[in-house]
$ cat model.txt   # compact mmCIF, C-alpha atoms
# COMPACT_ATOMS: atom_id res chain seq x y z
CA MET A 1 -24.55 14.96 74.43
CA THR A 2 -25.52 18.53 75.30
CA SER A 3 -24.07 21.49 73.46
CA PHE A 4 -23.88 24.62 75.59
CA GLY A 5 -23.66 27.97 73.86
CA ASN A 6 -24.49 26.60 70.42
CA ASP A 7 -28.03 26.92 69.16
CA LEU A 8 -28.18 23.98 66.78
CA MET A 9 -31.59 25.10 65.53
CA ALA A 10 -30.33 28.55 64.53
CA GLY A 11 -29.61 29.12 60.87
CA PRO A 12 -26.26 30.12 59.47
CA PRO A 13 -24.88 33.49 60.48
CA PRO A 14 -25.41 36.43 58.14
CA THR A 15 -22.84 36.90 55.42
CA HIS A 16 -21.26 40.34 55.24
CA LEU A 17 -19.28 40.90 52.07
CA PRO A 18 -16.19 43.13 52.13
CA GLU A 19 -16.24 46.58 50.59
CA ASP A 20 -16.51 46.29 46.81
CA PRO A 21 -13.37 47.69 45.14
CA ALA A 22 -15.47 49.38 42.46
CA ALA A 23 -17.70 51.24 44.95
CA ALA A 24 -15.43 54.28 45.18
CA GLU A 25 -15.39 54.60 41.38
CA LEU A 26 -19.14 54.28 40.83
CA VAL A 27 -19.89 57.94 41.41
CA PRO A 28 -22.36 60.08 39.45
CA GLY A 29 -20.98 60.70 35.99
CA ALA A 30 -18.66 57.68 36.03
CA ASP A 31 -18.77 55.38 33.02
CA ALA A 32 -19.99 52.09 34.52
CA MET A 33 -18.65 50.14 31.53
CA ASP A 34 -15.15 51.49 32.22
CA VAL A 35 -15.53 50.55 35.90
CA VAL A 36 -16.46 46.99 34.90
CA ARG A 37 -13.40 46.85 32.66
CA ARG A 38 -11.21 47.80 35.63
CA HIS A 39 -13.11 45.60 38.12
CA PRO A 40 -14.70 42.66 36.28
CA GLU A 41 -14.93 40.80 39.61
CA SER A 42 -17.20 43.47 41.09
CA PRO A 43 -20.84 42.51 41.72
CA LEU A 44 -21.64 46.18 42.27
CA ALA A 45 -20.22 47.21 38.91
CA TRP A 46 -22.28 44.54 37.12
CA ALA A 47 -25.34 45.51 39.16
CA THR A 48 -24.82 49.11 38.06
CA LEU A 49 -24.68 48.09 34.38
CA ALA A 50 -27.83 46.00 34.79
CA THR A 51 -29.60 48.83 36.62
CA LEU A 52 -28.65 51.37 33.97
CA ALA A 53 -29.88 49.03 31.24
CA ALA A 54 -33.16 48.51 33.12
CA ASP A 55 -33.56 52.25 33.70
CA GLU A 56 -33.08 52.80 29.96
CA GLU A 57 -35.62 50.03 29.26
CA ASP A 58 -32.97 48.14 27.35
CA ASP A 59 -33.58 44.68 25.93
CA PRO A 60 -34.29 42.26 28.81
CA VAL A 61 -31.63 39.92 27.39
CA THR A 62 -28.99 42.60 27.99
CA ILE A 63 -30.21 43.16 31.54
CA TYR A 64 -30.27 39.39 32.07
CA ALA A 65 -26.69 39.05 30.84
CA TYR A 66 -25.30 41.82 33.05
CA ALA A 67 -27.24 40.59 36.08
CA ARG A 68 -26.20 36.96 35.46
CA VAL A 69 -22.50 37.87 35.39
CA GLY A 70 -22.88 39.91 38.58
CA TYR A 71 -24.81 37.09 40.21
CA HIS A 72 -22.07 34.55 39.46
CA ARG A 73 -19.33 36.93 40.59
CA SER A 74 -21.36 37.38 43.77
CA LEU A 75 -21.63 33.65 44.42
CA ASP A 76 -17.85 33.35 44.19
CA LEU A 77 -17.42 36.24 46.61
CA LEU A 78 -20.07 34.95 49.01
CA ARG A 79 -18.38 31.52 49.17
CA ARG A 80 -14.98 33.11 49.81
CA ASN A 81 -16.58 34.94 52.74
CA GLY A 82 -18.03 31.92 54.51
CA TRP A 83 -21.43 31.54 52.86
CA LYS A 84 -22.44 27.88 52.57
CA GLY A 85 -25.13 28.15 49.91
CA HIS A 86 -27.89 29.52 52.10
CA GLY A 87 -28.52 31.95 54.90
CA PRO A 88 -29.02 35.65 55.31
CA VAL A 89 -27.20 38.21 53.18
CA PRO A 90 -28.48 41.40 54.83
CA TRP A 91 -29.47 44.39 52.69
CA GLU A 92 -28.53 46.58 55.62
CA HIS A 93 -24.84 45.74 55.03
CA GLU A 94 -24.15 47.97 52.03
CA PRO A 95 -21.46 45.79 50.35
CA ASN A 96 -24.13 43.05 50.01
CA ARG A 97 -26.29 45.25 47.81
CA GLY A 98 -24.46 44.49 44.56
CA PHE A 99 -25.33 40.81 44.93
CA LEU A 100 -28.91 41.46 45.99
CA THR A 101 -29.45 43.94 43.15
CA CYS A 102 -28.07 41.47 40.59
CA LEU A 103 -30.37 38.78 41.97
CA ALA A 104 -33.45 41.04 41.75
CA LEU A 105 -32.64 42.19 38.22
CA LEU A 106 -31.89 38.63 37.14
CA ALA A 107 -35.31 37.56 38.45
CA LEU A 108 -37.08 40.40 36.64
CA ALA A 109 -35.19 39.86 33.38
CA ALA A 110 -35.78 36.09 33.51
CA GLU A 111 -39.47 36.79 33.97
CA ALA A 112 -39.43 39.22 31.02
CA ILE A 113 -37.86 36.66 28.66
CA GLY A 114 -40.20 33.89 29.76
CA GLU A 115 -37.76 31.91 31.88
CA THR A 116 -40.38 31.37 34.55
CA ALA A 117 -38.64 28.68 36.63
CA GLU A 118 -35.46 30.79 36.87
CA ALA A 119 -37.44 33.89 37.77
CA GLU A 120 -39.27 32.07 40.56
CA ARG A 121 -36.02 30.57 41.87
CA CYS A 122 -34.35 33.99 41.92
CA PHE A 123 -37.32 35.73 43.56
CA GLY A 124 -37.32 33.05 46.27
CA PHE A 125 -33.55 33.21 46.69
CA LEU A 126 -33.75 36.99 47.13
CA ARG A 127 -36.53 36.70 49.72
CA ASP A 128 -34.60 34.01 51.59
CA SER A 129 -31.40 36.05 51.50
CA SER A 130 -32.93 39.37 52.55
CA GLN A 131 -36.62 40.17 52.90
CA THR A 132 -35.60 43.82 53.37
CA GLY A 133 -33.66 43.72 50.10
CA TYR A 134 -36.58 42.04 48.36
CA ASP A 135 -38.90 44.77 49.57
CA ALA A 136 -36.47 47.59 48.70
CA LEU A 137 -35.72 46.28 45.22
CA LEU A 138 -39.06 44.88 44.11
CA SER A 139 -41.76 46.79 45.90
CA GLU A 140 -44.02 48.92 43.77
CA ASP A 141 -43.77 52.57 44.78
$ encode --input "model.txt" --output "structure tokens"
Amino acid sequence: MTSFGNDLMAGPPPTHLPEDPAAAELVPGADAMDVVRRHPESPLAWATLATLAADEEDDPVTIYAYARVGYHRSLDLLRRNGWKGHGPVPWEHEPNRGFLTCLALLALAAEAIGETAEAERCFGFLRDSSQTGYDALLSED
């Protein structure tokens, strides 16, 4: 049986998450903790908390915890938007960046606390989801 118009060898289509409801509130000077309290479902809000903790060189366990929550919120959101457990989640689509940032920070924090297998899994997952995101988030400047 021949299938016309369907490339059966192609991977899944890219997942494009909807605009994050917290994005409009995460402006310079905003209290990210308050934004998380208003939008606990927001991957971007959790990514912001994890990023702030990393920027302040906070305990890696704190960064890990914030990034882990954002990662799991992201998985829920990805699944609700057609993601089947694999496939591209493009960095170029800005609403995807909360997920990708959480994944990068989770990988780095896992590495810092000695959870090597988790770190490797997350680094690979990030690369597989978005090489551009991997490069943007983890490249040494």
$ closest_residue --input "model.txt" --among "A:Ser130, A:Ile113, A:Thr101, A:Trp91" --to "Asp59 of chain A" --atoms "all atoms listed in the file"
A:Ile113
$ axis_aligned_box --input "model.txt" --around "segment 107-118 of chain A" --padding-each-side "6 Å" --output "AutoDock Vina command-line options"
--center_x -37.8 --center_y 34.5 --center_z 33.6 --size_x 17.2 --size_y 23.7 --size_z 21.8
$ atom_distance --input "model.txt" --atom1 "atom CA of Asp34 of chain A" --atom2 "atom CA of Ala22 of chain A"
10.5 Å
$ residues_around --input "model.txt" --residues "Phe99 of chain A" --least-positions-apart "5" --cutoff "7 Å" --atoms "all atoms listed in the file" --output "PyMOL selection string"
chain A and resi 43+70-71+74
$ atom_distance --input "model.txt" --atom1 "atom CA of Leu44 of chain A" --atom2 "atom CA of Arg97 of chain A"
7.3 Å
